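Engineer: protein.cif is reproduced below (mmCIF, C-alpha atoms).
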data_coords
#
loop_
_atom_site.label_atom_id
_atom_site.label_comp_id
_atom_site.auth_asym_id
_atom_site.auth_seq_id
_atom_site.Cartn_x
_atom_site.Cartn_y
_atom_site.Cartn_z
CA MET A 7 -31.47 7.00 -18.19
CA LYS A 8 -29.31 4.15 -16.92
CA CYS A 9 -26.83 4.52 -14.04
CA SER A 10 -23.94 3.95 -16.48
CA GLU A 11 -25.18 6.84 -18.63
CA PHE A 12 -25.45 9.00 -15.55
CA LEU A 13 -21.85 8.17 -14.55
CA HIS A 14 -20.64 8.95 -18.05
CA GLU A 15 -21.97 12.51 -17.70
CA LEU A 16 -20.96 12.97 -14.06
CA THR A 17 -17.79 14.98 -14.68
CA ASP A 18 -19.52 17.48 -16.97
CA TYR A 19 -22.45 17.68 -14.59
CA LEU A 20 -20.23 18.45 -11.59
CA ASP A 21 -18.25 20.96 -13.63
CA GLY A 22 -21.48 22.68 -14.67
CA VAL A 23 -20.68 22.36 -18.37
CA ILE A 24 -23.71 20.52 -19.62
CA ASP A 25 -26.66 21.50 -21.77
CA ALA A 26 -29.99 22.19 -20.09
CA GLY A 27 -31.73 19.13 -21.60
CA THR A 28 -29.11 16.63 -20.39
CA LYS A 29 -28.97 18.38 -17.02
CA SER A 30 -32.68 17.91 -16.41
CA GLU A 31 -32.45 14.23 -17.47
CA LEU A 32 -29.59 13.75 -14.99
CA GLU A 33 -31.49 15.47 -12.22
CA GLU A 34 -34.57 13.39 -12.92
CA HIS A 35 -32.40 10.28 -12.56
CA LEU A 36 -30.90 11.66 -9.34
CA ALA A 37 -34.35 12.23 -7.91
CA TRP A 38 -35.18 8.53 -7.81
CA CYS A 39 -31.81 6.73 -7.90
CA HIS A 40 -30.36 6.91 -4.41
CA ASN A 41 -27.11 5.17 -5.36
CA CYS A 42 -26.31 7.68 -8.08
CA TYR A 43 -27.31 10.52 -5.75
CA VAL A 44 -24.81 9.27 -3.16
CA VAL A 45 -22.07 8.70 -5.76
CA CYS A 46 -22.63 12.20 -7.14
CA ASP A 47 -22.71 13.81 -3.70
CA THR A 48 -19.64 12.03 -2.37
CA THR A 49 -17.68 12.64 -5.59
CA LYS A 50 -18.47 16.33 -5.23
CA LYS A 51 -17.27 16.23 -1.61
CA THR A 52 -14.11 14.40 -2.72
CA ILE A 53 -13.27 17.25 -5.06
CA GLU A 54 -14.10 19.91 -2.48
CA ILE A 55 -11.90 18.30 0.16
CA TYR A 56 -8.93 18.03 -2.19
CA ARG A 57 -9.51 21.55 -3.41
CA ASP A 58 -9.13 22.97 0.07
CA SER A 59 -5.66 24.31 -0.50
CA LYS A 60 -5.10 25.21 3.15
CA LEU A 61 -3.92 21.63 3.55
CA TYR A 62 -1.07 22.14 1.13
CA GLU A 63 0.68 25.25 2.30
CA LEU A 64 4.33 25.30 1.40
CA PRO A 65 6.32 25.81 4.63
CA GLU A 66 7.74 29.32 4.71
CA ASN A 67 11.36 28.28 5.28
CA LEU A 68 11.19 25.91 2.32
CA GLU A 69 9.69 28.60 0.15
CA THR A 70 12.48 31.03 1.08
CA LYS A 71 15.08 28.36 0.33
CA LEU A 72 13.54 27.55 -3.05
CA ARG A 73 13.17 31.19 -4.09
CA SER A 74 16.75 31.93 -3.22
CA ALA A 75 18.02 28.83 -5.08
CA ILE A 76 15.99 29.77 -8.16
CA ALA A 77 17.29 33.36 -8.09
CA THR A 78 20.90 32.16 -7.78
CA ARG A 79 20.59 29.70 -10.63
CA CYS A 80 18.87 32.26 -12.88
CA LYS A 81 21.57 34.84 -12.12
CA SER A 82 24.30 32.34 -12.88
CA HIS A 83 22.63 31.53 -16.21
CA LYS A 84 22.36 35.24 -17.03
CA ASN A 85 26.02 35.86 -16.22
CA LYS A 86 27.10 32.95 -18.39
CA THR A 87 24.97 34.20 -21.27
CA SER A 88 26.28 37.77 -21.03
CA GLU A 89 29.89 36.50 -20.78
CA GLY A 90 29.24 34.51 -23.93
CA LYS A 91 28.06 37.62 -25.73
CA ALA A 92 30.94 39.81 -24.51
CA MET B 11 -27.22 19.32 -6.32
CA GLY B 12 -25.30 22.13 -7.94
CA ALA B 13 -22.02 22.16 -9.79
CA ILE B 14 -18.81 22.60 -7.85
CA GLN B 15 -17.71 26.21 -7.64
CA PRO B 16 -14.76 27.08 -9.86
CA LYS B 17 -11.66 28.49 -8.24
CA VAL B 18 -11.25 32.21 -8.55
CA SER B 19 -8.30 32.67 -10.87
CA GLU B 20 -5.69 35.38 -10.62
CA PRO B 21 -6.06 38.32 -12.97
CA VAL B 22 -3.91 37.59 -15.99
CA SER B 23 -3.61 41.09 -17.42
CA ASP B 24 -0.66 42.04 -15.24
CA GLU B 25 0.80 38.57 -15.66
CA LEU B 26 1.54 39.33 -19.29
CA ALA B 27 3.15 42.62 -18.31
CA LEU B 28 5.37 40.76 -15.83
CA VAL B 29 6.35 38.22 -18.47
CA GLU B 30 7.20 40.98 -20.95
CA ALA B 31 9.29 42.80 -18.33
CA ALA B 32 11.08 39.56 -17.40
CA LYS B 33 11.79 38.90 -21.07
CA ALA B 34 13.34 42.37 -21.31
CA GLY B 35 15.73 41.44 -18.48
CA ASP B 36 13.83 42.64 -15.39
CA ASP B 37 14.69 39.97 -12.82
CA ALA B 38 12.38 41.47 -10.21
CA ALA B 39 9.48 40.77 -12.58
CA PHE B 40 10.52 37.14 -12.91
CA GLU B 41 10.88 36.87 -9.13
CA GLU B 42 7.31 38.09 -8.83
CA LEU B 43 6.20 35.28 -11.16
CA VAL B 44 8.08 32.80 -8.96
CA ARG B 45 6.36 34.21 -5.85
CA ARG B 46 3.01 33.94 -7.55
CA TYR B 47 3.28 30.33 -8.64
CA ASP B 48 5.89 28.48 -6.60
CA ARG B 49 3.32 27.02 -4.22
CA ASN B 50 1.21 25.70 -7.08
CA VAL B 51 4.21 24.21 -8.86
CA PHE B 52 5.40 22.61 -5.63
CA ARG B 53 1.99 21.06 -5.00
CA ILE B 54 1.80 19.65 -8.53
CA ALA B 55 5.36 18.33 -8.30
CA GLN B 56 4.76 16.74 -4.93
CA HIS B 57 1.62 14.97 -6.11
CA ILE B 58 3.32 13.62 -9.22
CA THR B 59 6.67 12.60 -7.72
CA GLN B 60 5.19 11.67 -4.31
CA ASN B 61 8.46 12.75 -2.80
CA ARG B 62 9.30 16.05 -1.16
CA GLU B 63 12.96 16.24 -2.18
CA ASP B 64 12.11 15.47 -5.79
CA ALA B 65 9.38 18.10 -5.65
CA GLU B 66 11.90 20.70 -4.42
CA ASP B 67 14.18 19.86 -7.34
CA VAL B 68 11.28 20.03 -9.78
CA VAL B 69 10.24 23.50 -8.58
CA GLN B 70 13.78 24.80 -9.06
CA ASP B 71 14.34 23.09 -12.40
CA ALA B 72 10.97 24.19 -13.76
CA PHE B 73 11.47 27.87 -12.91
CA VAL B 74 15.06 27.91 -14.14
CA LYS B 75 13.94 26.26 -17.38
CA ALA B 76 11.13 28.81 -17.72
CA TYR B 77 13.65 31.62 -17.12
CA THR B 78 16.13 30.36 -19.67
CA ASN B 79 13.44 29.69 -22.28
CA LEU B 80 11.29 32.71 -21.60
CA LYS B 81 11.87 34.14 -25.06
CA GLN B 82 10.16 31.07 -26.49
CA PHE B 83 6.98 31.81 -24.60
CA GLN B 84 4.80 33.41 -27.24
CA GLY B 85 1.86 34.34 -25.07
CA GLN B 86 -0.59 32.11 -26.95
CA SER B 87 -1.48 30.45 -23.66
CA LYS B 88 -1.34 31.73 -20.11
CA PHE B 89 2.14 31.87 -18.62
CA TYR B 90 0.93 29.62 -15.82
CA THR B 91 -0.25 26.91 -18.25
CA TRP B 92 3.14 27.06 -19.98
CA LEU B 93 4.91 26.82 -16.62
CA VAL B 94 2.75 23.88 -15.54
CA ARG B 95 3.62 22.08 -18.76
CA ILE B 96 7.33 22.48 -17.99
CA ALA B 97 6.84 21.42 -14.35
CA VAL B 98 4.82 18.32 -15.25
CA ASN B 99 7.51 17.22 -17.72
CA GLU B 100 10.23 17.74 -15.11
CA ALA B 101 8.22 15.82 -12.52
CA LEU B 102 7.55 12.91 -14.89
CA MET B 103 11.26 12.76 -15.75
CA LYS B 104 12.04 12.46 -12.04
CA LEU B 105 9.51 9.69 -11.73
CA ARG B 106 10.97 7.83 -14.70
CA ARG B 107 14.48 8.13 -13.30
CA ARG B 108 13.36 6.85 -9.95
CA ARG B 109 11.29 3.98 -11.36
CA PRO B 110 13.10 2.96 -14.54
CA GLU B 111 11.37 -0.40 -14.47
CA ARG B 112 8.02 1.25 -15.09
CA THR B 113 7.68 3.64 -17.95
CA VAL B 114 5.47 6.54 -17.00
CA SER B 115 3.58 8.07 -19.86
CA LEU B 116 0.59 10.33 -19.83
CA ASP B 117 -0.57 8.86 -23.11
CA GLU B 118 -1.17 5.37 -21.86
CA ASP B 119 -4.78 4.70 -21.17
CA VAL B 120 -4.40 2.84 -17.93
CA LYS B 121 -6.71 -0.10 -17.67
CA THR B 122 -7.27 -0.91 -14.07
CA GLU B 123 -9.86 -3.27 -12.76
CA ASP B 124 -13.40 -2.18 -13.43
CA ASP B 125 -12.94 1.27 -11.97
CA SER B 126 -15.71 3.16 -13.63
CA VAL B 127 -18.51 1.38 -11.81
CA PRO B 128 -18.71 2.29 -8.13
CA ARG B 129 -18.56 -0.81 -6.02
CA GLU B 130 -19.40 0.71 -2.69
CA VAL B 131 -22.08 3.29 -2.20
CA ALA B 132 -22.24 4.68 1.29
CA ASP B 133 -23.46 8.00 2.59
CA TRP B 134 -20.78 10.20 4.08
CA SER B 135 -21.06 12.29 7.19
CA PRO B 136 -22.26 15.82 6.48
CA ASN B 137 -18.78 17.27 7.15
CA PRO B 138 -16.49 14.26 6.76
CA GLU B 139 -13.28 16.28 6.91
CA GLN B 140 -14.16 17.44 10.41
CA GLN B 141 -13.83 13.91 11.77
CA TYR B 142 -10.07 14.27 11.50
CA THR B 143 -7.37 16.71 12.52
CA GLN B 144 -5.72 18.69 9.71
CA ALA B 145 -2.64 16.46 9.90
CA GLU B 146 -4.69 13.25 9.78
CA LEU B 147 -6.75 14.56 6.90
CA ARG B 148 -3.67 15.57 4.96
CA ASP B 149 -2.25 12.10 5.48
CA ILE B 150 -5.48 10.43 4.31
CA LEU B 151 -5.68 12.61 1.19
CA ASP B 152 -2.01 12.05 0.35
CA ARG B 153 -2.17 8.30 0.77
CA THR B 154 -5.38 8.10 -1.21
CA ILE B 155 -4.21 10.15 -4.18
CA HIS B 156 -0.82 8.45 -4.24
CA GLY B 157 -2.55 5.14 -4.92
CA LEU B 158 -3.79 6.41 -8.28
CA PRO B 159 -1.85 5.78 -11.51
CA ALA B 160 0.34 8.78 -12.43
CA THR B 161 -1.85 9.63 -15.43
CA PHE B 162 -5.01 9.95 -13.35
CA ARG B 163 -3.22 11.68 -10.48
CA THR B 164 -1.78 14.34 -12.75
CA VAL B 165 -5.07 15.14 -14.47
CA PHE B 166 -6.91 15.28 -11.13
CA VAL B 167 -4.31 17.58 -9.54
CA LEU B 168 -4.33 20.02 -12.45
CA ARG B 169 -8.10 20.11 -12.85
CA ASP B 170 -9.43 19.73 -9.34
CA VAL B 171 -6.65 20.79 -7.00
CA GLU B 172 -5.15 23.59 -9.08
CA GLY B 173 -8.36 24.56 -10.84
CA LEU B 174 -7.05 24.59 -14.42
CA SER B 175 -9.78 24.35 -17.06
CA THR B 176 -10.20 21.19 -19.12
CA GLU B 177 -8.67 23.00 -22.11
CA GLU B 178 -5.67 24.25 -20.10
CA THR B 179 -5.11 20.79 -18.64
CA ALA B 180 -5.24 19.26 -22.12
CA GLU B 181 -2.72 21.82 -23.31
CA ALA B 182 -0.39 21.41 -20.35
CA LEU B 183 -0.37 17.62 -20.72
CA SER B 184 -0.56 17.39 -24.53
CA LEU B 185 -3.72 15.32 -24.22
CA SER B 186 -6.98 15.60 -26.12
CA ILE B 187 -9.98 17.06 -24.30
CA PRO B 188 -11.87 13.71 -24.31
CA ALA B 189 -8.76 12.04 -22.84
CA VAL B 190 -8.62 14.62 -20.03
CA LYS B 191 -12.33 14.15 -19.32
CA SER B 192 -12.13 10.38 -19.28
CA ARG B 193 -9.10 10.35 -16.95
CA LEU B 194 -10.68 12.96 -14.70
CA LEU B 195 -13.90 10.98 -14.33
CA ARG B 196 -12.01 7.81 -13.45
CA ALA B 197 -9.69 9.64 -11.06
CA ARG B 198 -12.62 11.27 -9.27
CA LEU B 199 -14.53 7.99 -8.98
CA GLN B 200 -11.50 6.05 -7.78
CA LEU B 201 -10.67 8.66 -5.15
CA ARG B 202 -14.26 8.72 -3.97
CA GLU B 203 -14.25 4.95 -3.65
CA ARG B 204 -10.99 4.98 -1.70
CA LEU B 205 -12.16 7.74 0.64
CA ASN B 206 -15.33 5.81 1.52
CA LYS B 207 -13.69 3.90 4.30
CA PHE B 208 -12.63 7.11 6.03
CA PHE B 209 -15.66 9.28 5.49
CA GLN B 210 -18.74 7.10 5.49
CA ARG B 211 -21.30 7.74 8.18
CA ARG B 212 -20.20 5.98 11.29
CA ASP B 213 -23.57 5.79 12.98
CA ARG B 214 -25.21 3.78 10.21
CA ALA B 215 -22.16 2.64 8.31
CA ASN B 216 -23.29 -0.95 8.08
CA GLY B 217 -26.94 -0.24 7.48
CA SER B 218 -26.52 2.33 4.73
CA GLN B 219 -23.70 0.71 2.84
CA LYS B 220 -24.75 -0.88 -0.40
CA THR B 221 -22.82 -2.81 -2.92
CA VAL B 222 -23.53 -2.01 -6.50
CA SER B 223 -23.47 -4.81 -9.00
CA GLY B 224 -23.93 -4.26 -12.70
CA ASP B 225 -25.21 -1.01 -14.05
CA GLY B 226 -28.85 -1.56 -14.79
CA ASN B 227 -31.60 0.70 -13.57
CA GLN B 228 -31.57 0.50 -9.85
#
What is this structure when it is put down as structure tokens?
Structural biologist:
Amino acid sequence: MKCSEFLHELTDYLDGVIDAGTKSELEEHLAWCHNCYVVCDTTKKTIEIYRDSKLYELPENLETKLRSAIATRCKSHKNKTSEGKA
Amino acid sequence: MGAIQPKVSEPVSDELALVEAAKAGDDAAFEELVRRYDRNVFRIAQHITQNREDAEDVVQDAFVKAYTNLKQFQGQSKFYTWLVRIAVNEALMKLRRRRPERTVSLDEDVKTEDDSVPREVADWSPNPEQQYTQAELRDILDRTIHGLPATFRTVFVLRDVEGLSTEETAEALSLSIPAVKSRLLRARLQLRERLNKFFQRRDRANGSQKTVSGDGNQ
């Protein structure tokens, strides 16, 4: 397997959606190709770091503001619709 | 090296009940849906628009649009996927209004310089994120992802940050599954490449760094 073929399968490999035969070919490549091992490992870490949602908490005051604005706008739409029907 | 662990998703059985109740006019049920997903929608909107005020508008507009069009939601997909689709469209519209000189389309297959072949291969520290404070890390991640084309950014955020499946992402973005996979691979590789300079091992940064040329058997 060439490095380019390995890269082509990387997303499916990391997502764990790959057939057993291809998986063992990829892992055989990983065992001797240090560059692909590092690319695979650091790509996995990239995803894990971005996935850590603690970094993206919505501030509570903003959340309250947004929820209240949404509720007001929905209510206003509902009133308009029911007036239209009346 | 194992696969990355999927995010644990919320149970959807009561989601459908909430949607049905909201459709029947129960505003408390709709408010519960807002509470459940506003953070996710905000995160998606912020990553696409790259602007907090725009993201606030997008969250409001997306939920109000979902509320007013709720009867059109047929339940063939998850409510969340349907909501994400609305939010992504709202966010892209914001982006187009802000940057009228550059059309933003998810369909374009962005050709950047040779981005599918890693140029720099360097080991990272075992826990690279611990080299930085939370605020520094957040800044690094934001700046890094904001450098990606909107098409890649959006696919990456839905798949890897929000944990939508490939099929759900394809549905939310009206893309084919191969298109989602190809954009995701390139987004992941580009982000990895850009994060190298922050996360590579400092002790042997020079010694372990290799430059990859070509793609033959190495």
Engineer: Between B:Leu185, B:Leu168, B:Leu28, B:Leu199, which residue has the minimum interatomic distance to chain A, considering only C-alpha atoms?
Structural biologist: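 Going through B:Leu185, B:Leu168, B:Leu28, B:Leu199 one by one, the smallest distance to chain A is for B:Leu199.
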Engineer: Care to translate the PyMOL selection byres ((chain B) within 7 of (chain A)) into actual residues of this file, as a list of chain:residue names?
Structural biologist: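 In the shown coordinates, the PyMOL selection byres ((chain B) within 7 of (chain A)) covers B:Ala13, B:Ile14, B:Arg49, B:Arg53, B:Gln70, B:Phe73, B:Val74, B:Tyr77, B:Val131, B:Ala132, B:Asp133, B:Trp134, B:Arg148, B:Asp170, B:Val171, B:Leu195, B:Arg198, B:Leu199, B:Arg202, B:Asp225, B:Gly226, B:Asn227, B:Gln228.
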Engineer: Selection from above, C-alpha atoms, as a JSON list (two decimals), in the frame of the given file, can you write it?
Structural biologist:
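So out.json came out as:
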[["chain", "number", "residue", "atom", "x", "y", "z"],
["B", 13, "ALA", "CA", -22.02, 22.16, -9.79],
["B", 14, "ILE", "CA", -18.81, 22.60, -7.85],
["B", 49, "ARG", "CA", 3.32, 27.02, -4.22],
["B", 53, "ARG", "CA", 1.99, 21.06, -5.00],
["B", 70, "GLN", "CA", 13.78, 24.80, -9.06],
["B", 73, "PHE", "CA", 11.47, 27.87, -12.91],
["B", 74, "VAL", "CA", 15.06, 27.91, -14.14],
["B", 77, "TYR", "CA", 13.65, 31.62, -17.12],
["B", 131, "VAL", "CA", -22.08, 3.29, -2.20],
["B", 132, "ALA", "CA", -22.24, 4.68, 1.29],
["B", 133, "ASP", "CA", -23.46, 8.00, 2.59],
["B", 134, "TRP", "CA", -20.78, 10.20, 4.08],
["B", 148, "ARG", "CA", -3.67, 15.57, 4.96],
["B", 170, "ASP", "CA", -9.43, 19.73, -9.34],
["B", 171, "VAL", "CA", -6.65, 20.79, -7.00],
["B", 195, "LEU", "CA", -13.90, 10.98, -14.33],
["B", 198, "ARG", "CA", -12.62, 11.27, -9.27],
["B", 199, "LEU", "CA", -14.53, 7.99, -8.98],
["B", 202, "ARG", "CA", -14.26, 8.72, -3.97],
["B", 225, "ASP", "CA", -25.21, -1.01, -14.05],
["B", 226, "GLY", "CA", -28.85, -1.56, -14.79],
["B", 227, "ASN", "CA", -31.60, 0.70, -13.57],
["B", 228, "GLN", "CA", -31.57, 0.50, -9.85]]
Engineer: Assuming the chain letters and numbering stay as they are in my file, what does the PyMOL selection byres ((chain B and resi 83-94) around 8) actually select? List them as a PyMOL selection string.
Structural biologist: chain B and resi 22+25-26+29+47+51+72-73+76+79-82+95-98+178-179+181-182
Engineer: Compare B:Val44, B:Ala27, B:Ala34, B:Ile155 by their minimum atom-to-atom distance to B:Gln56, counting all atoms listed in the file, and give me the closest one.
Structural biologist: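 The answer is B:Ile155, which sits nearest to B:Gln56.
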Engineer: For the atom pair atom CA of B:Phe52 and atom CA of B:Lys75, what is the interatomic distance in Å to one decimal place?
Structural biologist: 15.0 Å
Engineer: As an NGL selection string, please: the residues near B:Gln60 (cut-off 10 Å, all atoms listed in the file, same-chain neighbours under 4 positions excluded).
Structural biologist: :B and (53-56 or 64-65 or 101 or 105 or 152-153 or 155-156 or 160)
Engineer: So what do you get for atom CA of B:Arg193 versus atom CA of B:Ser175, distance-wise?
Structural biologist: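 Pair atom CA of B:Arg193 / atom CA of B:Ser175 returns 14.0 Å.
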Engineer: When you write stretch 12-42 of chain A out from the block above, keep N, CA and C atoms and present the result as a compact mmCIF listing (two decimals), in the first residue's frame, please.
Structural biologist:
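And here's result21.txt as it stands now:
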# COMPACT_ATOMS: atom_id res chain seq x y z
N PHE A 12 -3.08 5.10 1.63
CA PHE A 12 -3.37 5.15 3.06
C PHE A 12 -4.18 6.42 3.40
N LEU A 13 -3.69 7.55 2.88
CA LEU A 13 -4.36 8.84 3.16
C LEU A 13 -5.79 8.83 2.66
N HIS A 14 -5.99 8.21 1.51
CA HIS A 14 -7.32 8.16 0.92
C HIS A 14 -8.32 7.47 1.86
N GLU A 15 -7.84 6.50 2.61
CA GLU A 15 -8.71 5.72 3.51
C GLU A 15 -8.73 6.28 4.93
N LEU A 16 -7.93 7.32 5.18
CA LEU A 16 -7.73 7.77 6.56
C LEU A 16 -9.02 8.13 7.28
N THR A 17 -9.90 8.87 6.59
CA THR A 17 -11.14 9.30 7.24
C THR A 17 -11.99 8.11 7.67
N ASP A 18 -12.16 7.13 6.77
CA ASP A 18 -12.96 5.95 7.14
C ASP A 18 -12.27 5.15 8.25
N TYR A 19 -10.94 5.11 8.19
CA TYR A 19 -10.21 4.38 9.21
C TYR A 19 -10.43 5.02 10.58
N LEU A 20 -10.28 6.35 10.64
CA LEU A 20 -10.45 7.05 11.92
C LEU A 20 -11.89 6.97 12.42
N ASP A 21 -12.83 6.92 11.48
CA ASP A 21 -14.23 6.84 11.88
C ASP A 21 -14.65 5.40 12.20
N GLY A 22 -13.74 4.47 11.98
CA GLY A 22 -14.05 3.07 12.30
C GLY A 22 -15.09 2.46 11.37
N VAL A 23 -15.19 3.00 10.15
CA VAL A 23 -16.18 2.43 9.21
C VAL A 23 -15.44 1.84 8.01
N ILE A 24 -14.73 0.79 8.25
CA ILE A 24 -13.90 0.22 7.19
C ILE A 24 -13.94 -1.30 7.32
N ASP A 25 -13.87 -1.99 6.18
CA ASP A 25 -13.96 -3.45 6.28
C ASP A 25 -12.66 -4.03 6.85
N ALA A 26 -12.78 -5.23 7.40
CA ALA A 26 -11.67 -5.83 8.14
C ALA A 26 -10.42 -5.99 7.28
N GLY A 27 -10.61 -6.35 5.98
CA GLY A 27 -9.47 -6.57 5.10
C GLY A 27 -8.67 -5.29 4.90
N THR A 28 -9.39 -4.19 4.56
CA THR A 28 -8.71 -2.91 4.34
C THR A 28 -8.05 -2.44 5.63
N LYS A 29 -8.75 -2.66 6.75
CA LYS A 29 -8.21 -2.22 8.04
C LYS A 29 -6.86 -2.89 8.32
N SER A 30 -6.78 -4.18 8.06
CA SER A 30 -5.50 -4.84 8.36
C SER A 30 -4.41 -4.39 7.39
N GLU A 31 -4.79 -4.08 6.13
CA GLU A 31 -3.78 -3.53 5.19
C GLU A 31 -3.27 -2.18 5.69
N LEU A 32 -4.21 -1.34 6.19
CA LEU A 32 -3.82 -0.03 6.68
C LEU A 32 -2.91 -0.16 7.90
N GLU A 33 -3.26 -1.09 8.77
CA GLU A 33 -2.47 -1.23 9.99
C GLU A 33 -1.09 -1.82 9.70
N GLU A 34 -1.03 -2.65 8.64
CA GLU A 34 0.27 -3.17 8.24
C GLU A 34 1.15 -2.02 7.72
N HIS A 35 0.53 -1.12 6.96
CA HIS A 35 1.26 0.05 6.46
C HIS A 35 1.73 0.92 7.62
N LEU A 36 0.81 1.12 8.59
CA LEU A 36 1.14 1.95 9.75
C LEU A 36 2.31 1.39 10.55
N ALA A 37 2.43 0.06 10.54
CA ALA A 37 3.45 -0.58 11.36
C ALA A 37 4.86 -0.23 10.88
N TRP A 38 5.01 0.01 9.57
CA TRP A 38 6.37 0.32 9.11
C TRP A 38 6.55 1.74 8.61
N CYS A 39 5.44 2.45 8.31
CA CYS A 39 5.59 3.80 7.76
C CYS A 39 5.40 4.84 8.88
N HIS A 40 6.50 5.35 9.37
CA HIS A 40 6.43 6.27 10.50
C HIS A 40 5.68 7.55 10.14
N ASN A 41 5.92 8.06 8.93
CA ASN A 41 5.24 9.30 8.54
C ASN A 41 3.72 9.15 8.57
N CYS A 42 3.22 8.06 8.01
CA CYS A 42 1.77 7.87 8.01
C CYS A 42 1.26 7.65 9.43
